[in-house]
Amino acid sequence: MKNLLTIAFLAIAAIAFGQDDKYVNAMTGALDQLDTTETAEEFMNLGNRFSRIADAEGDKWLPYYWTAFCYALVGFMEEDGAKIDETLDQAQAYLEKADSLEPSNSEIYVLQSWIYSGRIMVDPMNRGMVYGSQAGQAIEQAIAFDETNPRAYYLKGSSMFYTPEMYGGGKDKAEPLLEEALERYEAFEPETELHPNWGQEQAAQMLEQCSE
Amino acid sequence: MLVCWFGAVAQTHISGNITDANKDPMPYANVYIDGSYDGTSSDIDGNFAFDTYETGEQVLVVSVIGYDDFKETINLTGESITINPKMGISVAELEPVVITAGAFEASDAKKAVVLRPLDIVTTAGANGDIYGAIQTLPGTQQVGEQEGLFVRGGAAGETATIIDEMYVRDPFFSSVPNIPQRGRFSPFLFDGVVFSTGGYSAVYGQALSSVLVLNTQGLADDTYTGIGIMPIGGSISHVHAWDKTSFSIEGSYTHLGPYFKVNKQLADWNDEPQGYDGSIGFRQKTSETGLYKFYGTYSNSHLSLFTPDLDDPNTKYLFGLDNQNIYLNSSWKEVIGDKWSVFIGSSYAQNRDNITLDSIKVDEDDLLLQGKVIFSRSMGENSMLKFGADVKDQNVEGTYDTLPYNIEDLYFAGFAETDIYLTYKLAARVGVRAEHSGILGEFNIAPRTSLAYKTGKNSQISVAYGQFYQNPEDQFLFYPSALTYERASHYIANYQWMDDKRTFRIEFYDKEYDQLVKNTTTDPFIGNDGYGYARGFDVFYRDKETVPNSDFWISYSYLDTKRNFRDYPIEAMPHYASAHTVSVVYKYWISAITTSISATYSYGSGRPYYNPNNAPQDFHSNLTPEYHNLDISGSYLTQIKDNFTVVFFSVNNVLNRENTFGYQFDSNGQPTPVRPPSLRTFFVGVFISIGT
């Protein structure tokens, strides 16, 4: 009798934890694939993979965040203006779902800022001002929500790096921001292994370019 | 035992090939079981295969960016399933047809637009004036001696300017003989411009030829201070943005004296044009979906010049103009429920002109009060019903020398219009407008219809028919009982091809005018027996791709028009019409020096003029020489102490051509050409934006 109860208890526990295990395993598998993903097609497939997890779960913001992350990367790799907008629309839709599940989250605002700056590529002359200012606002909100988030400083520095000097940007202005970003990367501990932890290498590389 | 308890778990293998509506393979599509992780992406040939542990009835979903999802219910029993999903037509191709006959839209909101507001500001020759930029679009005539948009054989008074759905009585500074005046409103105020060359919506009326519909900017999202320094004066503005509110204030002072010293004027100025103006703007989000807008402006200006007596070169007449103008515009838009939206607007305009015509004084005070309400209801996918009412109370009071005059008109209008989308490819717009003018004491009712059909992913054809009524001009309204509305009937057909880099458009039109004001031989010597026609076609081509870093457009208009109205002795072409008009606008961006250069070339074939030496049957048979004009402008983007700065320069009439707009005759029948107020002119301006 006691054995049967133990087995039943273990079985039920296995089912209960197994559900979460299933989610964690799927997410970990997908995040591992992130390290080896390079081409637009691979990011599209990875985005698809995250979106399946996100839609199946429905109440977890992280898979929606990572779906938006992958689709945004695809958007940045596209060349045709209409396709860029379409892909970023898709990324935006998933990011908004993440935001509705986890409002005022610094990582989400960092990604939002990045998506806004992607829109500029389609028509820099006409969109530069509108989306540039929206991207700037989103980064400031990301910093306000979590001062310790290194990605917010990296993106701020990156956008300064790519903004022409005429408009108040350039490598000299970007340098201190990127240095601050690297300091924060050193100090940062992601909440779980599923939480965003990207950008340190890229920030370091960009900082090197500043001194060239 | 545990294995028995959980039961044997069966996998189902699902595979297949995904294609689009044209049977081409669909790569990197997301294929999955709805609500589960199980799925995969299709490969470059559209093939996919995956295993799922789900069982029973499930939905297979195929999702591709730019397409509606494909869904099919399948039964998972462990037996392999092959399925070949076919995606529908892409969302981009499903983009519904746009009802365009007779209209050019410039807005940042829509994707498929011909012009953006920034295009207007950067067009050479426009000098930052909306009307100057609109004159490079097809359908407009080059009339250098007078302000206004002369559209398809219509006089300037036949085009109405509308701001935030409300009619603007004085969109230009007050007229000065043979010197065209600028528009009063800065293009930076607006984020949407629709220029309709005919067949316009039932929402607007009182314009025989066309409407220029301007929408002011919404809530500002940046706080900044702007400073403008030009040889003609300076301006300062401040925009402050909060979360749901924004406020703007602007003031400017203008004096053309120094500018005229550098740019020699052919006109004989006594007091060069000078004046000051101020404006305030206020925006408030009244709810998630509602926005209240207010805009108010005051301007005060003064000028005087001498016009020579044609018979005696030693005699000259003084023309002086003092003007004060107030304009207030208030509007509120809100969405109600999921289907309805409402717009309520009102405007107040007061204009005072004190004019000196040598020894005669003319003083006029114009007052216009207007209210408008529009209800819209969405009727399905893209279909919509709109209806509303418009009321205008106009009062003109003045004295000519010592004679007083007064014209009052209380005007009501009601309108209804529906956009019916039969399919995403075929749409019809049917509308009706009814008006009553107090001073004419009559009703009119006018149908407006148009049809649009999408012939391909990027192309469509459109036809439109409408009737348009307009009150006779104020100068004729002293005998209102003898008069009725002037009328024009428009027949329009167009074909348009557009992608995000190039636009091609050709439009044919026929305007039949009747009930035009005409002099009669018996008391009261005025009636509505005038008539006329305007026929032709306009061609427009814009290209942002073929020449690298460049954007250019070409407009060509062919116009055949005659009227018999006012004091015309016979049916003849009016003096503001040219048979052929061409505009070429070219813009080039040099990113290395962050400068954009723009050039505009305009051509108009000869225009008729009144020659008193001709017999009545040869009225308007002489044509002026052709009009040619080349303007160049540039904008250099830079920083002054971290503040975004634009240095703007322009050279107008680069060729220094002495265009002739017409002739004036002395008492012996000897002609003097009517020339522009100046030839080649230079202009420089600096605009600094200080702030976040």
# chains A, B, ... in the order shown; residues from 1 in each chain; ligands from 1
>>> interface_residues(of="chain B", to="chain A", cutoff="8 Å", atoms="only C-alpha atoms", output="JSON, numbers by chain")
{"B": [28, 29, 30, 32, 34, 35, 36, 37, 38, 39, 40, 41, 65, 66, 118, 222, 500, 594, 637, 638, 639, 642, 643, 644]}
>>> residues_around(residues="Ser378 (chain B)", least_positions_apart="4", cutoff="12 Å", atoms="only C-alpha atoms", output="compact mmCIF listing (two decimals) with C-alpha atoms, in the first residue's frame")
# COMPACT_ATOMS: atom_id res chain seq x y z
CA VAL B 335 -13.70 56.03 -31.86
CA ILE B 336 -16.92 54.73 -30.34
CA GLY B 337 -17.34 51.01 -29.86
CA ASP B 338 -15.72 48.90 -32.55
CA LYS B 339 -17.57 50.24 -35.53
CA TRP B 340 -18.21 53.94 -35.15
CA SER B 341 -16.03 56.98 -35.18
CA VAL B 342 -16.98 60.62 -34.91
CA ASN B 382 -12.90 47.57 -45.77
CA SER B 383 -16.36 48.98 -46.44
CA MET B 384 -17.54 52.08 -44.72
CA LEU B 385 -20.46 54.49 -44.39
CA LYS B 386 -19.90 58.18 -43.68
CA PHE B 387 -22.42 60.94 -43.17
CA THR B 418 -20.40 54.84 -48.68
CA ASP B 419 -17.31 52.86 -49.72
CA ILE B 420 -18.43 49.38 -50.72
CA TYR B 421 -15.78 46.73 -51.19
>>> residues_around(residues="Gln370 (chain B)", least_positions_apart="4", cutoff="9 Å", atoms="only C-alpha atoms", output="VMD selection string")
chain B and resid 166 to 167 345 to 349 390 to 394
>>> write_last_selection(atoms="all heavy atoms", output="mmCIF file, in the first residue's frame")
data_model
loop_
_atom_site.group_PDB
_atom_site.id
_atom_site.type_symbol
_atom_site.label_atom_id
_atom_site.label_comp_id
_atom_site.auth_asym_id
_atom_site.auth_seq_id
_atom_site.Cartn_x
_atom_site.Cartn_y
_atom_site.Cartn_z
ATOM 1 N N MET B 166 -12.034 71.351 -42.439
ATOM 2 C CA MET B 166 -12.755 72.610 -42.522
ATOM 3 C C MET B 166 -12.225 73.538 -43.584
ATOM 4 O O MET B 166 -11.014 73.703 -43.738
ATOM 5 C CB MET B 166 -12.815 73.271 -41.166
ATOM 6 C CG MET B 166 -14.066 72.745 -40.488
ATOM 7 S SD MET B 166 -14.047 72.938 -38.746
ATOM 8 C CE MET B 166 -12.552 72.145 -38.366
ATOM 9 N N TYR B 167 -13.162 74.190 -44.245
ATOM 10 C CA TYR B 167 -12.847 75.093 -45.348
ATOM 11 C C TYR B 167 -12.055 76.301 -44.831
ATOM 12 O O TYR B 167 -12.370 76.868 -43.788
ATOM 13 C CB TYR B 167 -14.179 75.532 -45.965
ATOM 14 C CG TYR B 167 -14.074 76.654 -46.951
ATOM 15 C CD1 TYR B 167 -13.530 76.436 -48.212
ATOM 16 C CD2 TYR B 167 -14.539 77.922 -46.647
ATOM 17 C CE1 TYR B 167 -13.433 77.468 -49.133
ATOM 18 C CE2 TYR B 167 -14.457 78.952 -47.561
ATOM 19 C CZ TYR B 167 -13.899 78.718 -48.799
ATOM 20 O OH TYR B 167 -13.815 79.736 -49.694
ATOM 21 N N GLY B 345 -15.766 69.371 -35.646
ATOM 22 C CA GLY B 345 -14.786 70.431 -35.826
ATOM 23 C C GLY B 345 -15.446 71.786 -35.934
ATOM 24 O O GLY B 345 -16.624 71.900 -36.277
ATOM 25 N N SER B 346 -14.680 72.816 -35.623
ATOM 26 C CA SER B 346 -15.195 74.159 -35.818
ATOM 27 C C SER B 346 -14.033 75.076 -36.165
ATOM 28 O O SER B 346 -12.890 74.796 -35.812
ATOM 29 C CB SER B 346 -15.906 74.654 -34.561
ATOM 30 O OG SER B 346 -14.977 74.770 -33.515
ATOM 31 N N SER B 347 -14.347 76.159 -36.869
ATOM 32 C CA SER B 347 -13.285 77.104 -37.175
ATOM 33 C C SER B 347 -13.820 78.516 -37.146
ATOM 34 O O SER B 347 -15.018 78.763 -37.325
ATOM 35 C CB SER B 347 -12.657 76.807 -38.538
ATOM 36 O OG SER B 347 -13.485 77.264 -39.572
ATOM 37 N N TYR B 348 -12.911 79.439 -36.893
ATOM 38 C CA TYR B 348 -13.256 80.856 -36.855
ATOM 39 C C TYR B 348 -12.192 81.577 -37.650
ATOM 40 O O TYR B 348 -10.995 81.373 -37.426
ATOM 41 C CB TYR B 348 -13.256 81.332 -35.394
ATOM 42 C CG TYR B 348 -13.375 82.831 -35.241
ATOM 43 C CD1 TYR B 348 -14.622 83.443 -35.233
ATOM 44 C CD2 TYR B 348 -12.240 83.638 -35.103
ATOM 45 C CE1 TYR B 348 -14.733 84.823 -35.090
ATOM 46 C CE2 TYR B 348 -12.349 85.008 -34.965
ATOM 47 C CZ TYR B 348 -13.596 85.600 -34.958
ATOM 48 O OH TYR B 348 -13.703 86.956 -34.825
ATOM 49 N N ALA B 349 -12.603 82.412 -38.600
ATOM 50 C CA ALA B 349 -11.616 83.143 -39.377
ATOM 51 C C ALA B 349 -12.062 84.578 -39.506
ATOM 52 O O ALA B 349 -13.220 84.858 -39.798
ATOM 53 C CB ALA B 349 -11.465 82.517 -40.766
ATOM 54 N N ASP B 390 -22.462 70.197 -42.368
ATOM 55 C CA ASP B 390 -21.501 71.277 -42.458
ATOM 56 C C ASP B 390 -22.292 72.570 -42.358
ATOM 57 O O ASP B 390 -23.321 72.695 -43.023
ATOM 58 C CB ASP B 390 -20.910 71.136 -43.868
ATOM 59 C CG ASP B 390 -19.621 71.851 -44.072
ATOM 60 O OD1 ASP B 390 -19.320 72.788 -43.319
ATOM 61 O OD2 ASP B 390 -18.930 71.464 -45.039
ATOM 62 N N VAL B 391 -21.884 73.524 -41.540
ATOM 63 C CA VAL B 391 -22.573 74.816 -41.560
ATOM 64 C C VAL B 391 -21.532 75.922 -41.597
ATOM 65 O O VAL B 391 -20.491 75.837 -40.938
ATOM 66 C CB VAL B 391 -23.521 74.946 -40.336
ATOM 67 C CG1 VAL B 391 -22.745 74.893 -39.034
ATOM 68 C CG2 VAL B 391 -24.312 76.231 -40.397
ATOM 69 N N LYS B 392 -21.775 76.959 -42.420
ATOM 70 C CA LYS B 392 -20.837 78.073 -42.531
ATOM 71 C C LYS B 392 -21.612 79.370 -42.459
ATOM 72 O O LYS B 392 -22.609 79.535 -43.154
ATOM 73 C CB LYS B 392 -20.112 78.044 -43.891
ATOM 74 C CG LYS B 392 -19.050 76.995 -44.018
ATOM 75 C CD LYS B 392 -18.104 77.281 -45.164
ATOM 76 C CE LYS B 392 -18.813 77.201 -46.486
ATOM 77 N NZ LYS B 392 -17.929 76.765 -47.568
ATOM 78 N N ASP B 393 -21.134 80.272 -41.647
ATOM 79 C CA ASP B 393 -21.761 81.589 -41.578
ATOM 80 C C ASP B 393 -20.722 82.595 -42.018
ATOM 81 O O ASP B 393 -19.723 82.800 -41.326
ATOM 82 C CB ASP B 393 -22.226 81.851 -40.145
ATOM 83 C CG ASP B 393 -23.066 83.104 -40.028
ATOM 84 O OD1 ASP B 393 -23.375 83.708 -41.075
ATOM 85 O OD2 ASP B 393 -23.426 83.470 -38.898
ATOM 86 N N GLN B 394 -20.943 83.188 -43.187
ATOM 87 C CA GLN B 394 -19.969 84.128 -43.741
ATOM 88 C C GLN B 394 -20.540 85.528 -43.701
ATOM 89 O O GLN B 394 -21.696 85.725 -44.053
ATOM 90 C CB GLN B 394 -19.653 83.789 -45.204
ATOM 91 C CG GLN B 394 -18.734 82.617 -45.341
ATOM 92 C CD GLN B 394 -18.095 82.573 -46.727
ATOM 93 O OE1 GLN B 394 -16.946 82.917 -46.897
ATOM 94 N NE2 GLN B 394 -18.866 82.150 -47.706
#
>>> residues_around(residues="Phe190 (chain B)", least_positions_apart="5", cutoff="7 Å", atoms="only C-alpha atoms", output="VMD selection string")
chain B and resid 214 to 217
>>> write_last_selection(atoms="N, CA, C and O atoms", output="compact mmCIF listing (two decimals), in the first residue's frame")
# COMPACT_ATOMS: atom_id res chain seq x y z
N LEU B 214 -5.75 69.17 -46.23
CA LEU B 214 -4.56 69.13 -45.39
C LEU B 214 -4.96 68.67 -43.99
O LEU B 214 -5.96 69.13 -43.45
N ASN B 215 -4.17 67.76 -43.42
CA ASN B 215 -4.41 67.32 -42.05
C ASN B 215 -3.25 67.69 -41.17
O ASN B 215 -2.10 67.37 -41.49
N THR B 216 -3.52 68.38 -40.07
CA THR B 216 -2.43 68.81 -39.21
C THR B 216 -1.85 67.64 -38.45
O THR B 216 -2.48 66.61 -38.28
N GLN B 217 -0.63 67.83 -37.95
CA GLN B 217 0.08 66.80 -37.20
C GLN B 217 -0.70 66.40 -35.96
O GLN B 217 -1.43 67.21 -35.39
>>> select_by_dssp(residues="region 148-282 of chain B", states="helix (DSSP H, G or I)", output="MDAnalysis selection string")
chainID B and resid 156:158 187:189 257:262
>>> write_last_selection(atoms="C-alpha atoms", output="CSV table (one decimal), in the first residue's frame")
chain,number,residue,atom,x,y,z
B,156,ALA,CA,-7.9,79.7,-58.6
B,157,GLY,CA,-11.2,80.3,-56.9
B,158,GLU,CA,-12.4,76.9,-58.1
B,187,PRO,CA,4.1,72.7,-44.6
B,188,PHE,CA,5.6,71.5,-41.2
B,189,LEU,CA,2.1,71.9,-39.7
B,257,GLY,CA,13.7,95.1,-47.4
B,258,PRO,CA,17.1,93.6,-47.0
B,259,TYR,CA,16.2,90.7,-49.3
B,260,PHE,CA,15.1,93.1,-52.1
B,261,LYS,CA,18.4,94.9,-51.8
B,262,VAL,CA,20.2,91.8,-52.9
>>> atom_distance(atom1="CA of Tyr424 (chain B)", atom2="CA of Asp20 (chain B)")
18.8 Å
>>> closest_residue(among="B:Thr449, B:Phe540, B:Asn406, B:Asp221", to="Tyr479 (chain B)", atoms="only C-alpha atoms")
B:Asn406
>>> atom_distance(atom1="CA of Pro673 (chain B)", atom2="CA of Tyr610 (chain B)")
12.0 Å
>>> atom_distance(atom1="CA of Pro616 (chain B)", atom2="CA of Pro569 (chain B)")
6.0 Å
>>> residues_around(residues="Glu107 (chain A)", least_positions_apart="3", cutoff="8 Å", atoms="only C-alpha atoms", output="PyMOL selection string")
chain A and resi 110-111+142+149+151-152+196
>>> write_last_selection(atoms="C-alpha atoms", output="PDB file, in the first residue's frame")
ATOM      1  CA  VAL A 110      15.623  46.817 -25.507  1.00  0.00           C
ATOM      2  CA  LEU A 111      14.295  44.561 -28.246  1.00  0.00           C
ATOM      3  CA  ALA A 142      14.649  49.976 -20.763  1.00  0.00           C
ATOM      4  CA  ASN A 149      20.646  45.555 -17.970  1.00  0.00           C
ATOM      5  CA  ARG A 151      21.981  45.259 -23.336  1.00  0.00           C
ATOM      6  CA  ALA A 152      20.293  48.643 -22.904  1.00  0.00           C
ATOM      7  CA  PRO A 196      18.455  36.939 -22.398  1.00  0.00           C
TER       8      PRO A 196
END
>>> residues_around(residues="Gln141 (chain B)", least_positions_apart="3", cutoff="8 Å", atoms="only C-alpha atoms", output="JSON, numbers by chain")
{"B": [135, 149, 150, 151, 152, 153, 576, 577, 578, 581, 604]}
